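Listing of entry-v9.cif, mmCIF, C-alpha atoms
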```
data_entry
#
loop_
_atom_site.label_atom_id
_atom_site.label_comp_id
_atom_site.auth_asym_id
_atom_site.auth_seq_id
_atom_site.Cartn_x
_atom_site.Cartn_y
_atom_site.Cartn_z
CA MET C 653 3.72 24.27 -10.41
CA ALA C 654 3.27 23.26 -14.03
CA ARG C 655 0.60 20.72 -14.77
CA ALA C 656 1.81 17.67 -16.67
CA LYS C 657 0.23 17.24 -20.06
CA ARG C 658 -2.10 14.25 -20.12
CA THR C 659 -0.27 11.69 -22.19
CA GLU C 660 0.07 7.94 -22.41
CA GLU C 661 2.85 6.93 -20.04
CA PRO C 662 5.62 5.38 -22.16
CA GLU C 663 6.47 1.80 -21.36
CA VAL C 664 9.98 1.07 -20.18
CA HIS C 665 11.28 -2.19 -21.61
CA ASN C 666 14.07 -4.11 -19.97
CA ARG C 667 16.05 -7.32 -20.22
CA LEU C 668 16.48 -7.73 -16.52
CA ALA C 669 15.03 -11.26 -16.42
CA ALA C 670 17.32 -12.51 -19.22
CA LEU C 671 20.38 -10.95 -17.61
CA ARG C 672 19.51 -12.30 -14.19
CA VAL C 673 19.07 -15.83 -15.50
CA ASP C 674 22.23 -15.49 -17.59
CA ARG C 675 24.24 -14.61 -14.48
CA GLY C 676 22.57 -17.37 -12.43
CA LEU C 677 21.07 -14.95 -9.92
CA SER C 678 17.77 -15.25 -8.11
CA ARG C 679 15.38 -12.32 -7.69
CA GLN C 680 16.34 -12.29 -4.02
CA ASP C 681 20.06 -11.99 -4.95
CA VAL C 682 19.38 -9.01 -7.22
CA ALA C 683 17.02 -7.46 -4.67
CA ASP C 684 19.59 -7.78 -1.87
CA ALA C 685 22.32 -6.29 -4.07
CA VAL C 686 20.29 -3.19 -4.97
CA GLY C 687 18.38 -2.84 -1.69
CA VAL C 688 14.78 -3.49 -2.70
CA HIS C 689 12.20 -6.18 -1.99
CA TYR C 690 12.43 -9.28 -4.21
CA GLN C 691 8.86 -8.68 -5.41
CA THR C 692 9.96 -5.31 -6.80
CA ILE C 693 12.39 -7.18 -9.06
CA GLY C 694 9.43 -9.30 -10.25
CA TYR C 695 7.39 -6.17 -10.96
CA LEU C 696 10.36 -4.73 -12.91
CA GLU C 697 10.83 -7.90 -14.94
CA ARG C 698 7.16 -8.00 -15.89
CA GLY C 699 7.29 -4.33 -16.89
CA GLU C 700 4.71 -3.45 -14.24
CA TYR C 701 6.94 -0.97 -12.49
CA ARG C 702 9.32 1.66 -13.82
CA PRO C 703 12.45 2.03 -11.71
CA SER C 704 13.78 5.30 -10.39
CA LEU C 705 17.00 6.58 -11.93
CA LEU C 706 18.84 5.51 -8.77
CA LEU C 707 17.54 1.94 -8.97
CA ALA C 708 18.26 1.72 -12.71
CA LEU C 709 21.83 2.88 -12.09
CA GLN C 710 22.27 0.42 -9.23
CA ILE C 711 21.04 -2.42 -11.45
CA SER C 712 23.34 -1.39 -14.29
CA LYS C 713 26.25 -1.27 -11.83
CA LEU C 714 25.38 -4.73 -10.56
CA PHE C 715 25.40 -6.19 -14.07
CA GLU C 716 28.37 -4.01 -15.13
CA LEU C 717 26.48 -2.80 -18.18
CA PRO C 718 25.36 0.66 -19.32
CA VAL C 719 21.81 1.57 -18.34
CA GLU C 720 20.67 1.62 -21.97
CA ALA C 721 21.76 -2.01 -22.36
CA ILE C 722 19.22 -3.00 -19.69
CA PHE C 723 16.43 -0.42 -19.99
CA SER C 724 14.95 1.09 -23.13
CA LEU C 725 11.90 3.03 -24.27
CA GLU C 726 11.80 0.85 -27.41
CA PRO C 727 11.03 -2.87 -27.32
CA MET C 728 14.33 -4.70 -27.00
CA PRO C 729 15.32 -7.46 -29.44
CA SER C 730 16.19 -10.76 -27.81
CA MET C 731 19.82 -11.13 -26.80
CA SER C 732 20.21 -14.31 -28.91
CA ALA C 733 18.97 -12.51 -32.04
CA GLN C 734 21.37 -9.63 -31.38
CA LEU C 735 24.27 -12.06 -30.86
CA PHE C 736 23.41 -13.88 -34.08
CA ASP C 737 23.22 -10.59 -36.02
CA SER C 738 26.57 -9.38 -34.67
CA ARG C 739 28.23 -12.68 -35.60
CA ARG C 740 26.74 -12.55 -39.07
CA GLU C 741 27.99 -8.97 -39.54
CA ALA C 742 31.47 -9.96 -38.37
CA SER C 743 31.78 -12.89 -40.79
CA MET N 92 27.86 16.37 29.71
CA ILE N 93 25.04 15.02 27.57
CA SER N 94 22.75 17.71 26.20
CA THR N 95 18.99 17.30 25.80
CA ARG N 96 19.49 17.42 22.06
CA ASP N 97 21.86 14.44 22.21
CA GLN N 98 19.39 12.56 24.40
CA VAL N 99 16.58 13.21 21.94
CA LYS N 100 18.80 12.07 19.07
CA GLU N 101 19.80 8.95 20.98
CA ARG N 102 16.17 8.18 21.86
CA ARG N 103 15.19 8.65 18.20
CA GLU N 104 17.92 6.25 17.10
CA GLU N 105 16.71 3.69 19.65
CA MET N 106 13.12 4.02 18.41
CA LEU N 107 14.20 3.66 14.78
CA GLN N 108 16.20 0.57 15.73
CA GLN N 109 13.11 -0.93 17.39
CA VAL N 110 10.93 -0.14 14.37
CA GLU N 111 13.56 -1.67 12.10
CA GLU N 112 13.60 -4.86 14.18
CA LYS N 113 9.80 -5.01 14.07
CA ALA N 114 9.87 -4.47 10.29
CA GLU N 115 12.40 -7.28 9.94
CA ARG N 116 10.08 -9.61 11.85
CA ASP N 117 6.97 -8.48 9.94
CA PHE N 118 8.57 -8.79 6.49
CA SER N 119 9.76 -12.35 7.14
CA ASP N 120 6.62 -13.48 8.97
CA THR N 121 4.94 -16.47 7.34
CA ARG N 122 2.36 -17.32 10.04
CA TYR N 123 -0.43 -15.35 8.42
CA ASN N 124 0.24 -16.27 4.80
CA PHE N 125 -3.25 -17.80 4.64
CA VAL N 126 -4.74 -14.29 4.49
CA ARG N 127 -2.07 -12.74 2.28
CA SER N 128 -3.44 -13.63 -1.14
CA GLN N 129 -5.14 -10.70 -2.85
CA VAL N 130 -8.50 -12.51 -3.02
CA ARG N 131 -8.51 -13.20 0.72
CA ARG N 132 -7.38 -9.68 1.54
CA ARG N 133 -10.26 -8.35 -0.54
CA TRP N 134 -12.71 -10.59 1.32
CA LEU N 135 -11.31 -9.27 4.60
CA VAL N 136 -11.84 -5.68 3.42
CA VAL N 137 -15.46 -6.47 2.50
CA LEU N 138 -15.97 -8.28 5.82
CA SER N 139 -14.56 -5.41 7.88
CA TYR N 140 -16.86 -2.86 6.19
CA VAL N 141 -19.89 -5.16 6.48
CA LEU N 142 -19.13 -5.54 10.19
CA LEU N 143 -18.77 -1.78 10.53
CA THR N 144 -22.12 -1.25 8.79
CA GLY N 145 -23.66 -3.82 11.14
CA TYR N 146 -22.15 -2.01 14.10
CA GLY N 147 -23.56 1.30 12.85
CA LEU N 148 -27.04 -0.16 12.33
CA SER N 149 -26.98 -1.88 15.74
CA SER N 150 -26.07 1.43 17.36
CA VAL N 151 -28.78 3.34 15.53
CA PHE N 152 -31.49 0.75 16.24
CA ASP N 153 -30.37 0.46 19.86
CA PHE N 154 -28.92 -3.03 20.20
CA PRO N 155 -25.92 -2.23 22.43
CA GLY N 156 -24.95 -5.89 22.97
CA ALA N 157 -24.85 -6.64 19.26
CA ALA N 158 -23.05 -3.35 18.58
CA LEU N 159 -20.31 -4.17 21.09
CA ALA N 160 -19.92 -7.73 19.75
CA LEU N 161 -19.70 -6.46 16.16
CA LEU N 162 -17.20 -3.79 17.18
CA ILE N 163 -14.95 -6.43 18.77
CA VAL N 164 -15.15 -8.69 15.69
CA TRP N 165 -14.49 -5.67 13.48
CA GLY N 166 -11.39 -4.84 15.55
CA ALA N 167 -10.16 -8.41 15.06
CA SER N 168 -10.79 -8.23 11.30
CA VAL N 169 -8.85 -4.96 11.06
CA TRP N 170 -5.97 -6.44 13.03
CA LEU N 171 -5.92 -9.42 10.65
CA LEU N 172 -6.05 -7.09 7.65
CA ARG N 173 -3.13 -5.03 8.95
CA THR N 174 -1.20 -8.24 9.62
CA ALA N 175 -2.01 -9.46 6.10
CA ILE N 176 -0.33 -6.38 4.58
CA ARG N 177 2.53 -6.54 7.10
CA GLY N 178 1.74 -3.01 8.31
CA LEU N 179 3.29 -1.63 5.12
CA THR N 180 1.12 1.49 5.23
CA ASP N 181 2.78 2.71 8.41
CA TYR N 182 6.51 2.06 8.23
CA PRO N 183 8.88 5.03 7.78
CA ASP N 184 10.02 5.61 4.21
CA GLU N 185 13.55 4.43 5.04
CA LEU N 186 12.26 0.93 5.76
CA VAL N 187 10.32 0.26 2.56
CA ASP N 188 11.55 0.24 -1.01
CA GLU N 189 10.74 2.79 -3.71
CA ARG N 190 7.86 0.80 -5.26
CA ILE N 191 6.06 0.49 -1.94
CA ARG N 192 6.63 4.20 -1.33
CA GLU N 193 4.97 4.91 -4.70
CA VAL N 194 2.06 2.54 -3.98
CA ARG N 195 1.62 4.14 -0.56
CA GLY N 196 1.48 7.59 -2.15
CA GLN N 197 -1.37 6.47 -4.41
CA THR N 198 -3.05 4.68 -1.49
CA TYR N 199 -3.03 7.74 0.77
CA ARG N 200 -4.31 9.95 -2.05
CA LEU N 201 -7.26 7.60 -2.61
CA ALA N 202 -7.79 7.26 1.15
CA PHE N 203 -7.95 11.04 1.46
CA LEU N 204 -10.58 11.21 -1.28
CA GLY N 205 -12.48 8.29 0.28
CA ALA N 206 -12.38 9.90 3.72
CA ASN N 207 -13.72 13.12 2.18
CA CYS N 208 -16.60 11.16 0.63
CA LEU N 209 -17.41 9.40 3.93
CA PHE N 210 -17.28 12.67 5.84
CA SER N 211 -19.47 14.38 3.22
CA LEU N 212 -21.98 11.52 3.42
CA TYR N 213 -22.16 11.89 7.19
CA LEU N 214 -22.65 15.65 6.82
CA VAL N 215 -25.48 15.07 4.32
CA ILE N 216 -27.19 12.67 6.74
CA TYR N 217 -26.71 15.18 9.55
CA ILE N 218 -28.03 18.15 7.59
CA VAL N 219 -31.01 16.26 6.10
CA ASN N 220 -31.86 15.05 9.58
CA GLN N 221 -31.77 18.60 10.94
CA LEU N 222 -33.86 19.95 8.03
CA LEU N 223 -36.48 17.25 8.51
CA ALA N 224 -36.53 17.89 12.24
CA LYS N 225 -37.15 21.65 11.90
CA PRO N 226 -40.85 21.71 10.99
CA GLY N 227 -41.47 19.36 13.92
CA ILE N 228 -43.25 16.86 11.71
CA PHE N 229 -40.65 14.16 11.56
CA LEU N 230 -37.50 13.47 13.56
CA PRO N 231 -35.69 10.53 11.98
CA MET N 232 -32.77 10.44 14.41
CA SER N 233 -32.09 11.96 17.81
CA ALA N 234 -28.88 13.92 18.45
CA ASP N 235 -27.53 10.93 20.43
CA THR N 236 -28.18 8.57 17.52
CA LEU N 237 -26.41 10.96 15.15
CA HIS N 238 -23.40 11.01 17.46
CA GLU N 239 -23.41 7.21 17.63
CA LEU N 240 -23.58 7.08 13.85
CA ALA N 241 -20.45 9.24 13.65
CA PHE N 242 -18.34 6.43 15.14
CA PRO N 243 -18.69 3.90 12.30
CA PHE N 244 -17.95 6.69 9.80
CA PHE N 245 -14.89 7.70 11.80
CA PHE N 246 -13.70 4.09 12.10
CA GLY N 247 -14.29 3.58 8.40
CA MET N 248 -12.08 6.58 7.59
CA MET N 249 -9.35 5.34 9.93
CA VAL N 250 -9.10 1.99 8.21
CA LEU N 251 -9.26 3.32 4.64
CA PRO N 252 -5.49 3.39 3.89
CA THR N 253 -5.10 -0.21 5.09
CA ALA N 254 -8.21 -1.31 3.19
CA ILE N 255 -7.14 0.38 -0.07
CA PHE N 256 -3.60 -0.97 0.14
CA ALA N 257 -4.89 -4.49 0.88
CA TRP N 258 -7.36 -4.26 -2.02
CA ARG N 259 -4.93 -2.96 -4.65
CA GLU N 260 -1.56 -4.53 -3.92
CA ARG N 261 -1.10 -7.82 -5.77
CA TRP N 262 1.75 -9.34 -3.73
CA VAL N 263 2.51 -8.68 -0.08
#
```
Representation of the structure as structure tokens:
Amino acid sequence: MARAKRTEEPEVHNRLAALRVDRGLSRQDVADAVGVHYQTIGYLERGEYRPSLLLALQISKLFELPVEAIFSLEPMPSMSAQLFDSRREAS
Amino acid sequence: MISTRDQVKERREEMLQQVEEKAERDFSDTRYNFVRSQVRRRWLVVLSYVLLTGYGLSSVFDFPGAALALLIVWGASVWLLRTAIRGLTDYPDELVDERIREVRGQTYRLAFLGANCLFSLYLVIYIVNQLLAKPGIFLPMSADTLHELAFPFFFGMMVLPTAIFAWRERWV
């Protein structure tokens, strides 16, 4: 078995908390929908836990958004800033 | 006609159902929330190992009454510790979520290393004792005492996964 190269683990950023609040869901609601403990949702929101591919896909299905709209390896700009930018570009 | 294989399968399903019901009760239990904060769990871990050390010393210095009393209190502290973490170290993988499975993996790895250290420490004590006994000048511990000393080490190893999980996990 190949040994993994010792590297800094990349941080996975997400906008789970913003999306959850936007949809008016509690952590328990999200947890029940994707089959995890509600504290796991808290760990995800604080960036203290990186989800498995399965969990990330389940969350993206729940919010009806592509995975990359919720999780990213780069820090994510706030949704309000993105909305403002898109409106400015449109006008 | 029901085959033995079907019976085994049925029995397994029944057992899983029972474990699932127990897990449901444990995960929603609020009676022992007073020991579920990380700080209190850590105090319980310290207390259980202090009690175990006391039990070991009482055995070695031949205070059977004190040893028995300390063993009983230690048992109670371990029970409370296991209750504090809702027995999360023992449930089948199907009944805990992926984060707990990951935390458990780290916990058991550390517990294995810790158990190795405890066992090695006991072996060192045993070997040093034998070496010192050989010239006939000094016999620090009799064979009986060494056997008695093995129990606290063994108990300490048994509780390690629970202790490590209780120490490390922030929310339970």
Per residue of chain C within 10 Å of chain N, what are the shortest atom pair and its distance in Å to one decimal, counting all atoms listed in the file, with rows by chain and residue number, as a Markdown table?
```
| residue | atom | partner | partner_atom | distance |
| --- | --- | --- | --- | --- |
| C:Gly687 | CA | N:Asp188 | CA | 7.5 |
| C:Val688 | CA | N:Asp188 | CA | 5.2 |
| C:His689 | CA | N:Asp188 | CA | 6.5 |
| C:Gln691 | CA | N:Trp262 | CA | 7.3 |
| C:Thr692 | CA | N:Arg190 | CA | 6.6 |
| C:Ile693 | CA | N:Arg190 | CA | 9.9 |
| C:Tyr695 | CA | N:Arg190 | CA | 9.0 |
| C:Leu696 | CA | N:Arg190 | CA | 9.8 |
| C:Tyr701 | CA | N:Arg190 | CA | 7.5 |
| C:Arg702 | CA | N:Arg190 | CA | 8.7 |
| C:Pro703 | CA | N:Arg190 | CA | 8.0 |
| C:Ser704 | CA | N:Glu189 | CA | 7.8 |
| C:Leu706 | CA | N:Glu189 | CA | 9.9 |
| C:Leu707 | CA | N:Glu189 | CA | 8.6 |
```
Please compute the atom CA of N:Leu162-atom CA of N:Leu135 distance, one decimal, in Å. 14.9 Å
Can you spell out as a PyMOL selection string the set of residues that the PyMOL selection byres ((chain N and resi 151) around 7) selects in the structure I just provided? chain N and resi 147-150+152-153+236+239-240
Need the shell around stretch 712-729 of chain C: protein/DNA/RNA residues with any atom at most 6 Å away, counting all atoms listed in the file. Skip same-chain ones fewer than 5 positions apart. Format as a ChimeraX atom specification? /C:664-667
The PyMOL selection byres ((chain N and resi 168) around 12) applied to the shown file, residues as number ranges by chain: N: 126, 131-143, 161-167, 169-175, 250, 253-254
Show me, as a PDB file with C-alpha atoms, in the frame of the given file, the residues that have an atom within 9 Å of C:Tyr690 when counting all atoms listed in the file, minus same-chain residues fewer than 4 positions from it.
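Wrote out-v3.pdb, looks like this:
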```pdb
ATOM      1  CA  SER C 678      17.770 -15.250  -8.110  1.00  0.00           C
ATOM      2  CA  ARG C 679      15.380 -12.320  -7.690  1.00  0.00           C
ATOM      3  CA  GLN C 680      16.340 -12.290  -4.020  1.00  0.00           C
ATOM      4  CA  ASP C 681      20.060 -11.990  -4.950  1.00  0.00           C
ATOM      5  CA  VAL C 682      19.380  -9.010  -7.220  1.00  0.00           C
ATOM      6  CA  ALA C 683      17.020  -7.460  -4.670  1.00  0.00           C
ATOM      7  CA  ASP C 684      19.590  -7.780  -1.870  1.00  0.00           C
ATOM      8  CA  GLY C 694       9.430  -9.300 -10.250  1.00  0.00           C
ATOM      9  CA  TYR C 695       7.390  -6.170 -10.960  1.00  0.00           C
TER      10      TYR C 695
END
```
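Taking atom CA of N:Met106 and atom CA of N:Tyr182 as the two end points, the separation is 12.3 Å.
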